[in-house]
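Peer 1: This is my_file21.txt (compact mmCIF, C-alpha atoms and all ligand atoms).
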# COMPACT_ATOMS: atom_id res chain seq x y z
CA MET A 1 266.58 -32.95 228.69
CA ASN A 2 264.46 -31.93 231.67
CA GLU A 3 263.69 -28.27 231.12
CA PRO A 4 259.92 -27.99 231.54
CA GLU A 5 259.33 -25.64 228.64
CA ASP A 6 261.84 -24.02 226.31
CA PRO A 7 260.68 -20.70 224.94
CA ALA A 8 259.51 -21.07 221.36
CA SER A 9 262.40 -20.49 219.04
CA PRO A 10 261.80 -17.91 216.31
CA ALA A 11 263.42 -20.35 213.87
CA VAL A 12 260.50 -22.74 214.30
CA ASP A 13 257.11 -21.57 213.24
CA ARG A 14 254.79 -23.99 215.00
CA SER A 15 251.49 -22.34 214.21
CA GLY A 16 252.40 -22.14 210.53
CA PHE A 17 253.15 -25.84 210.32
CA LEU A 18 250.01 -26.92 212.16
CA ALA A 19 247.77 -24.59 210.17
CA ASP A 20 249.35 -25.79 206.96
CA VAL A 21 248.70 -29.44 207.73
CA ALA A 22 245.15 -28.67 208.81
CA ALA A 23 244.53 -26.89 205.51
CA ARG A 24 245.92 -29.71 203.39
CA SER A 25 244.33 -32.73 205.02
CA THR A 26 240.92 -33.83 206.13
CA HIS A 27 241.96 -34.99 209.57
CA GLY A 28 244.55 -32.51 210.89
CA LEU A 29 247.33 -33.90 213.02
CA ARG A 30 246.76 -36.68 215.44
CA GLY A 31 249.30 -35.93 218.17
CA ASP A 32 249.30 -33.38 220.98
CA TYR A 33 251.57 -30.54 219.91
CA SER A 34 250.73 -28.32 222.88
CA ARG A 35 253.52 -29.40 225.23
CA MET A 36 256.52 -29.56 222.95
CA ARG A 37 259.83 -27.75 223.09
CA ALA A 38 261.11 -25.53 220.28
CA ASP A 39 262.67 -28.56 218.55
CA TYR A 40 259.31 -30.38 218.70
CA THR A 41 260.46 -32.91 221.28
CA VAL A 42 258.20 -33.95 224.17
CA GLU A 43 258.41 -36.27 227.17
CA GLN A 44 257.44 -39.89 226.74
CA ARG A 45 254.83 -40.00 229.50
CA TYR A 46 254.82 -43.73 229.93
CA GLU A 47 251.98 -43.68 232.47
CA LEU A 48 249.62 -42.50 229.73
CA TYR A 49 249.76 -45.84 227.93
CA THR A 50 246.72 -47.87 229.00
CA PRO A 51 246.52 -51.66 229.26
CA ALA A 52 244.61 -51.56 225.96
CA HIS A 53 247.53 -49.71 224.35
CA GLN A 54 250.00 -52.26 225.68
CA ASP A 55 247.81 -54.99 224.29
CA VAL A 56 247.76 -53.32 220.88
CA TRP A 57 251.56 -53.18 220.95
CA ARG A 58 251.90 -56.88 221.86
CA ARG A 59 249.49 -57.97 219.16
CA LEU A 60 251.10 -55.77 216.50
CA TYR A 61 254.52 -57.04 217.47
CA ALA A 62 253.49 -60.70 217.42
CA ARG A 63 251.75 -60.43 214.06
CA GLN A 64 254.70 -58.67 212.47
CA HIS A 65 257.39 -60.80 214.08
CA GLU A 66 255.91 -63.93 212.59
CA LEU A 67 256.24 -62.50 209.08
CA LEU A 68 259.93 -61.59 209.35
CA PRO A 69 261.76 -64.85 208.60
CA GLY A 70 262.83 -64.87 204.96
CA ARG A 71 261.53 -61.32 204.47
CA ALA A 72 263.43 -58.98 206.84
CA CYS A 73 267.10 -58.33 206.19
CA GLU A 74 269.67 -59.82 208.54
CA ALA A 75 270.64 -56.46 210.11
CA PHE A 76 267.03 -55.81 211.10
CA ALA A 77 266.32 -59.32 212.37
CA SER A 78 269.42 -59.53 214.52
CA ALA A 79 269.02 -56.07 216.06
CA LEU A 80 265.36 -56.73 216.78
CA ALA A 81 266.19 -60.03 218.47
CA ARG A 82 268.63 -58.30 220.79
CA LEU A 83 266.21 -55.48 221.62
CA ASP A 84 263.57 -57.63 223.23
CA PHE A 85 260.56 -55.33 223.09
CA ALA A 86 257.92 -57.93 222.34
CA ASP A 87 256.03 -57.57 225.60
CA ALA A 88 255.58 -53.86 226.23
CA ILE A 89 255.78 -50.49 224.53
CA PRO A 90 259.49 -49.64 224.68
CA ARG A 91 260.88 -46.91 226.89
CA PHE A 92 263.02 -44.45 224.96
CA ASP A 93 265.52 -44.09 227.80
CA SER A 94 266.47 -47.73 227.98
CA VAL A 95 266.84 -48.13 224.21
CA ASN A 96 268.90 -44.95 224.02
CA GLN A 97 271.74 -46.27 226.14
CA ARG A 98 272.20 -49.25 223.87
CA LEU A 99 271.64 -47.34 220.66
CA HIS A 100 274.12 -44.65 221.58
CA ALA A 101 276.71 -47.25 222.47
CA ALA A 102 276.18 -48.98 219.11
CA THR A 103 276.02 -46.09 216.61
CA ARG A 104 275.90 -42.83 218.60
CA TRP A 105 272.25 -42.29 217.66
CA ARG A 106 269.54 -41.29 220.12
CA LEU A 107 265.76 -41.42 219.88
CA VAL A 108 263.81 -38.26 220.64
CA PRO A 109 260.09 -38.45 221.52
CA VAL A 110 257.85 -36.26 219.31
CA PRO A 111 254.07 -35.73 218.95
CA GLY A 112 254.01 -36.96 215.32
CA LEU A 113 254.90 -35.61 211.90
CA LEU A 114 257.37 -32.74 211.90
CA PRO A 115 258.11 -29.84 209.58
CA ASP A 116 260.85 -30.80 207.12
CA ASP A 117 263.52 -28.53 208.54
CA VAL A 118 262.95 -29.79 212.09
CA PHE A 119 263.06 -33.40 210.93
CA PHE A 120 266.27 -32.90 208.95
CA GLY A 121 267.83 -31.01 211.86
CA HIS A 122 267.30 -33.98 214.18
CA LEU A 123 268.73 -36.48 211.71
CA ALA A 124 271.74 -34.24 211.12
CA LYS A 125 272.44 -34.51 214.87
CA ARG A 126 271.93 -38.28 214.90
CA GLN A 127 268.59 -37.90 216.69
CA PHE A 128 265.76 -40.02 215.38
CA PRO A 129 262.27 -38.61 216.08
CA VAL A 130 259.85 -41.29 217.31
CA THR A 131 256.13 -40.63 217.73
CA VAL A 132 254.94 -41.18 221.32
CA TRP A 133 251.33 -42.23 220.75
CA ILE A 134 250.07 -45.64 219.68
CA ARG A 135 247.02 -46.38 217.56
CA GLU A 136 243.75 -47.29 219.27
CA PRO A 137 242.42 -50.88 219.03
CA GLU A 138 239.92 -49.81 216.31
CA GLU A 139 242.87 -48.64 214.19
CA PHE A 140 244.75 -51.90 214.45
CA ASP A 141 245.04 -52.39 210.70
CA TYR A 142 245.14 -48.86 209.43
CA ILE A 143 246.49 -45.57 210.75
CA VAL A 144 246.46 -42.16 209.12
CA GLU A 145 249.91 -41.23 210.41
CA PRO A 146 252.94 -43.15 211.62
CA ASP A 147 252.61 -44.12 215.31
CA ILE A 148 255.11 -45.51 217.81
CA PHE A 149 254.76 -48.99 216.36
CA HIS A 150 255.80 -47.89 212.89
CA ASP A 151 258.56 -45.64 214.18
CA PHE A 152 259.98 -48.02 216.76
CA PHE A 153 259.49 -51.43 215.24
CA GLY A 154 260.20 -50.28 211.69
CA HIS A 155 263.03 -47.81 212.13
CA VAL A 156 264.88 -48.39 215.38
CA PRO A 157 266.48 -51.78 214.64
CA MET A 158 268.03 -50.37 211.44
CA LEU A 159 269.61 -47.52 213.43
CA PHE A 160 271.89 -50.15 214.95
CA ASP A 161 273.46 -50.74 211.53
CA PRO A 162 276.58 -48.53 211.19
CA GLN A 163 276.09 -47.81 207.49
CA ILE A 164 272.39 -46.99 207.75
CA ALA A 165 273.24 -44.85 210.78
CA ASP A 166 275.72 -42.81 208.74
CA TYR A 167 273.44 -42.68 205.71
CA LEU A 168 270.58 -41.22 207.75
CA GLN A 169 272.73 -38.51 209.23
CA ALA A 170 274.01 -37.63 205.75
CA TYR A 171 270.39 -37.57 204.62
CA GLY A 172 269.51 -35.04 207.33
CA LEU A 173 272.38 -32.77 206.33
CA GLY A 174 271.44 -33.26 202.68
CA GLY A 175 267.85 -32.29 203.49
CA LEU A 176 268.84 -28.95 204.94
CA LYS A 177 270.89 -28.36 201.81
CA ALA A 178 268.12 -29.50 199.46
CA GLN A 179 265.78 -26.94 201.04
CA ARG A 180 268.12 -24.17 199.96
CA LEU A 181 268.52 -25.64 196.48
CA GLY A 182 264.90 -26.50 195.76
CA GLY A 183 265.62 -30.23 195.70
CA LEU A 184 263.23 -31.41 198.41
CA LYS A 185 260.87 -33.24 196.10
CA TYR A 186 263.71 -35.41 194.83
CA LEU A 187 265.23 -36.00 198.21
CA ALA A 188 261.86 -37.03 199.63
CA ARG A 189 261.67 -39.76 196.96
CA LEU A 190 265.07 -41.03 198.02
CA TYR A 191 263.89 -41.35 201.64
CA TRP A 192 260.72 -43.04 200.53
CA TYR A 193 262.39 -45.65 198.32
CA THR A 194 265.21 -46.39 200.77
CA ILE A 195 264.49 -45.76 204.46
CA GLU A 196 260.75 -46.42 204.13
CA PHE A 197 260.43 -48.92 201.27
CA GLY A 198 263.93 -50.16 200.52
CA LEU A 199 264.88 -53.74 199.63
CA VAL A 200 268.39 -55.22 199.82
CA ALA A 201 269.80 -58.17 197.87
CA GLU A 202 270.47 -60.93 200.38
CA ALA A 203 270.54 -64.71 200.59
CA GLY A 204 270.01 -65.09 196.85
CA GLY A 205 266.83 -63.02 196.89
CA VAL A 206 265.54 -59.74 198.27
CA ARG A 207 264.92 -58.76 201.88
CA ALA A 208 263.28 -55.67 203.36
CA TYR A 209 265.15 -52.95 205.22
CA GLY A 210 262.56 -50.15 204.76
CA ALA A 211 260.47 -49.33 207.82
CA GLY A 212 257.24 -48.90 205.86
CA ILE A 213 257.59 -52.49 204.69
CA LEU A 214 258.86 -53.97 207.95
CA SER A 215 256.04 -52.49 210.04
CA SER A 216 253.19 -53.51 207.71
CA PRO A 217 251.80 -57.06 207.52
CA GLY A 218 250.37 -56.55 204.04
CA GLU A 219 253.27 -54.68 202.53
CA ILE A 220 255.97 -57.05 203.76
CA ARG A 221 254.41 -59.95 201.88
CA HIS A 222 253.65 -57.78 198.87
CA ALA A 223 257.14 -56.26 198.64
CA VAL A 224 259.08 -59.49 199.07
CA ASP A 225 256.79 -62.21 197.72
CA ALA A 226 254.34 -60.79 195.15
CA PRO A 227 255.29 -61.80 191.58
CA GLU A 228 253.69 -58.78 189.89
CA VAL A 229 255.79 -56.23 191.79
CA HIS A 230 258.65 -54.41 190.04
CA ARG A 231 261.96 -54.76 191.86
CA GLU A 232 264.56 -52.58 190.20
CA ARG A 233 268.23 -52.28 190.94
CA PHE A 234 268.84 -49.08 192.95
CA ASP A 235 269.66 -46.20 190.62
CA LEU A 236 269.88 -42.77 192.23
CA ILE A 237 268.54 -40.73 189.32
CA ARG A 238 265.81 -43.20 188.59
CA VAL A 239 264.71 -43.14 192.24
CA MET A 240 264.61 -39.37 192.28
CA GLN A 241 262.51 -39.30 189.12
CA THR A 242 259.94 -41.79 190.36
CA LYS A 243 256.74 -40.64 192.04
CA TYR A 244 255.34 -42.72 194.88
CA LEU A 245 252.02 -43.86 196.28
CA ILE A 246 251.16 -42.85 199.82
CA ASP A 247 247.96 -44.79 200.40
CA ASP A 248 248.53 -48.04 198.59
CA PHE A 249 251.21 -50.72 198.42
CA GLN A 250 254.11 -49.65 196.22
CA LYS A 251 254.21 -50.84 192.64
CA VAL A 252 257.99 -50.53 192.41
CA TYR A 253 260.76 -51.13 194.94
CA PHE A 254 264.46 -50.41 194.52
CA VAL A 255 267.02 -52.99 195.59
CA VAL A 256 270.47 -52.09 196.91
CA ASP A 257 273.34 -54.60 196.82
CA SER A 258 274.46 -53.44 200.24
CA PHE A 259 274.04 -50.50 202.60
CA GLY A 260 277.57 -49.49 201.64
CA GLN A 261 276.39 -49.04 198.06
CA LEU A 262 273.56 -46.82 199.28
CA PHE A 263 275.95 -44.68 201.28
CA ASP A 264 278.53 -44.42 198.49
CA GLU A 265 276.10 -43.62 195.68
CA THR A 266 274.45 -40.86 197.68
CA ALA A 267 277.71 -39.32 198.94
CA PRO A 268 278.46 -37.02 195.94
CA ASP A 269 277.20 -33.44 195.93
CA PHE A 270 273.58 -33.33 194.71
CA SER A 271 273.54 -29.65 193.65
CA LEU A 272 273.93 -30.31 189.93
CA LEU A 273 271.77 -33.40 190.09
CA TYR A 274 268.79 -31.38 191.33
CA ARG A 275 269.19 -29.02 188.38
CA ALA A 276 269.47 -31.88 185.91
CA LEU A 277 266.35 -33.50 187.38
CA GLU A 278 264.30 -30.41 186.59
CA ARG A 279 264.79 -31.27 182.93
CA LEU A 280 264.16 -35.00 183.20
CA PRO A 281 260.67 -36.51 183.07
CA GLU A 282 258.93 -37.67 186.24
CA LEU A 283 258.26 -41.40 186.14
CA GLU A 284 255.09 -43.13 187.26
CA PRO A 285 255.78 -45.94 189.70
N1 LIG A 301 275.20 -36.07 198.96
C1 LIG A 301 274.00 -35.33 199.20
C2 LIG A 301 274.21 -33.84 198.85
O1 LIG A 301 275.26 -33.39 198.60
C3 LIG A 301 273.56 -35.44 200.64
C4 LIG A 301 272.89 -36.75 200.91
C5 LIG A 301 273.59 -37.85 201.41
C6 LIG A 301 271.54 -36.87 200.70
C7 LIG A 301 272.95 -39.03 201.66
C8 LIG A 301 270.91 -38.06 200.97
C9 LIG A 301 271.59 -39.14 201.44
O2 LIG A 301 273.25 -33.11 198.80
CO CO A 302 258.80 -44.05 208.81
Could you express the structure from this file as structure tokens?
Peer 2:
Amino acid sequence: MNEPEDPASPAVDRSGFLADVAARSTHGLRGDYSRMRADYTVEQRYELYTPAHQDVWRRLYARQHELLPGRACEAFASALARLDFADAIPRFDSVNQRLHAATRWRLVPVPGLLPDDVFFGHLAKRQFPVTVWIREPEEFDYIVEPDIFHDFFGHVPMLFDPQIADYLQAYGLGGLKAQRLGGLKYLARLYWYTIEFGLVAEAGGVRAYGAGILSSPGEIRHAVDAPEVHRERFDLIRVMQTKYLIDDFQKVYFVVDSFGQLFDETAPDFSLLYRALERLPELEP
């Protein structure tokens, strides 16, 4: 992992991706994409985190940790408790030894959002991309893109769960396949309603396992406690038909009985499903 600079791979069109994002959004991309390797990984340069950044991490962690009891699923809560990263921004290297021993996953540091094929390629190899930068103090409550707090706090504990670990790898392989079959739109909804905003039936109620819920103080209360929210039993086709909201709390969440159910229901070949979905209506959340 220590080569200074891999030559750009022809398979990865960096300038295309960055230009594309710049054209579609008002703010461009937040991270520094100038020092990455062909697979978009970078070094975590720990010395670049300032005391103010460490303080942001500690305050985000404390605020979120307090909201977890009764709202976070057991797998998340127990992995988080063992990880012990309340007091400082975590170092990828130290987490990686434990993560690899638990589920053979590894975290790879990246500058931020990735092109779909690069993202899927990492997941297919059991590598989870984690953004290196952290929000500034002025952005404490709102960030335009996922930062290290979202990626680490929200996603990493769930990677210690064997079934989620296998599901995510299958998702990466499925993503590469969906690109060839024109199914990306549907597969993106599956990621959104499971890995980012999934709920699981637990302890006679629902608990969060989705990172977008677990890393947000507003959404965790909304998703688990709010009476007006729709909480539907997980149904693969229904999930793939349902559009989602990117800059507001979700109006609907899908609840799995177990992570085994999630893995089993998504295991069959999706080729025909993508074709069938073209003829089904899209549902509003
Ligand atoms: N079973 C899916 C396919 O054949 C792959 C997949 C698995 C996608 C798990 C998402 C999650 O395309
Ligand atoms: Co995320």
Peer 1: When the cut-off is 12 Å and you count all atoms listed in the file, which residues lie near ligand LIG 301 (chain A), shown as a PyMOL selection string?
Peer 2: chain A and resi 120+123-124+163-184+186-195+236+239-240+259-275
Peer 1: Counting all atoms listed in the file, which protein, DNA or RNA residues come within 10 Å of ligand CO 302 (chain A), given as a list of chain:residue names?
Peer 2: A:Leu113, A:Pro129, A:Val130, A:Thr131, A:Glu145, A:Pro146, A:Asp147, A:Ile148, A:Phe149, A:His150, A:Asp151, A:Phe152, A:Phe153, A:Gly154, A:His155, A:Val156, A:Tyr191, A:Trp192, A:Ile195, A:Glu196, A:Phe197, A:Gly210, A:Ala211, A:Gly212, A:Ile213, A:Leu214, A:Ser215
Peer 1: Quick one: everything within 9 Å of Tyr49 of chain A, counting all atoms listed in the file, minus sequence neighbours fewer than 3 positions away in the same chain. Send it as a VMD selection string.
Peer 2: chain A and resid 45 to 46 52 to 54 89 133 to 134
Peer 1: Pick out the residues sitting within 6 Å of segment 100-105 of chain A, and hand them over as number ranges by chain; count only C-alpha atoms, and ignore anything fewer than 5 positions along from it in its own chain.
Peer 2: A: 126-127, 162
Peer 1: Skip Tyr209 of chain A itself and residues of its chain fewer than 6 positions away, then list as an NGL selection string all residues within 7 Å of it, counting only C-alpha atoms.
Peer 2: :A and (72-73 or 76 or 198-200)
Peer 1: Which residue gives the smallest distance to Gly218 of chain A among A:Leu67, A:Val56, A:Met36, A:Val21, with only C-alpha atoms counted?
Peer 2: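 The answer is A:Leu67, which sits nearest to Gly218 of chain A.
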Peer 1: May I ask for the distance between atom CA of Asp141 of chain A and atom CA of Arg30 of chain A, given in Å to one decimal place?
Peer 2: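 Separation of atom CA of Asp141 of chain A and atom CA of Arg30 of chain A: 16.5 Å.
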Peer 1: N, CA, C and O atoms are what I want for segment 211-222 of chain A; can you complete it accordingly and write them as a compact mmCIF listing (two decimals), in the frame of the given file?
Peer 2:
# COMPACT_ATOMS: atom_id res chain seq x y z
N ALA A 211 261.37 -49.27 206.67
CA ALA A 211 260.47 -49.33 207.82
C ALA A 211 259.00 -49.45 207.43
O ALA A 211 258.21 -50.08 208.13
N GLY A 212 258.63 -48.83 206.31
CA GLY A 212 257.24 -48.90 205.86
C GLY A 212 256.86 -50.33 205.48
O GLY A 212 255.70 -50.73 205.60
N ILE A 213 257.83 -51.09 205.01
CA ILE A 213 257.59 -52.49 204.69
C ILE A 213 257.60 -53.32 205.97
O ILE A 213 256.69 -54.11 206.23
N LEU A 214 258.64 -53.12 206.78
CA LEU A 214 258.86 -53.97 207.95
C LEU A 214 257.77 -53.83 209.01
O LEU A 214 257.56 -54.74 209.80
N SER A 215 257.07 -52.69 209.02
CA SER A 215 256.04 -52.49 210.04
C SER A 215 254.63 -52.78 209.52
O SER A 215 253.66 -52.57 210.23
N SER A 216 254.52 -53.26 208.28
CA SER A 216 253.19 -53.51 207.71
C SER A 216 253.02 -54.98 207.31
O SER A 216 253.79 -55.51 206.52
N PRO A 217 251.99 -55.64 207.84
CA PRO A 217 251.80 -57.06 207.52
C PRO A 217 251.47 -57.29 206.05
O PRO A 217 251.89 -58.28 205.46
N GLY A 218 250.71 -56.38 205.45
CA GLY A 218 250.37 -56.55 204.04
C GLY A 218 251.56 -56.24 203.15
O GLY A 218 251.88 -56.98 202.22
N GLU A 219 252.22 -55.13 203.45
CA GLU A 219 253.27 -54.68 202.53
C GLU A 219 254.49 -55.60 202.58
O GLU A 219 255.17 -55.76 201.57
N ILE A 220 254.77 -56.21 203.71
CA ILE A 220 255.97 -57.05 203.76
C ILE A 220 255.82 -58.27 202.85
O ILE A 220 256.75 -58.67 202.16
N ARG A 221 254.62 -58.81 202.78
CA ARG A 221 254.41 -59.95 201.88
C ARG A 221 254.39 -59.48 200.43
O ARG A 221 254.97 -60.12 199.54
N HIS A 222 253.74 -58.34 200.21
CA HIS A 222 253.65 -57.78 198.87
C HIS A 222 255.04 -57.46 198.32
O HIS A 222 255.41 -57.87 197.22
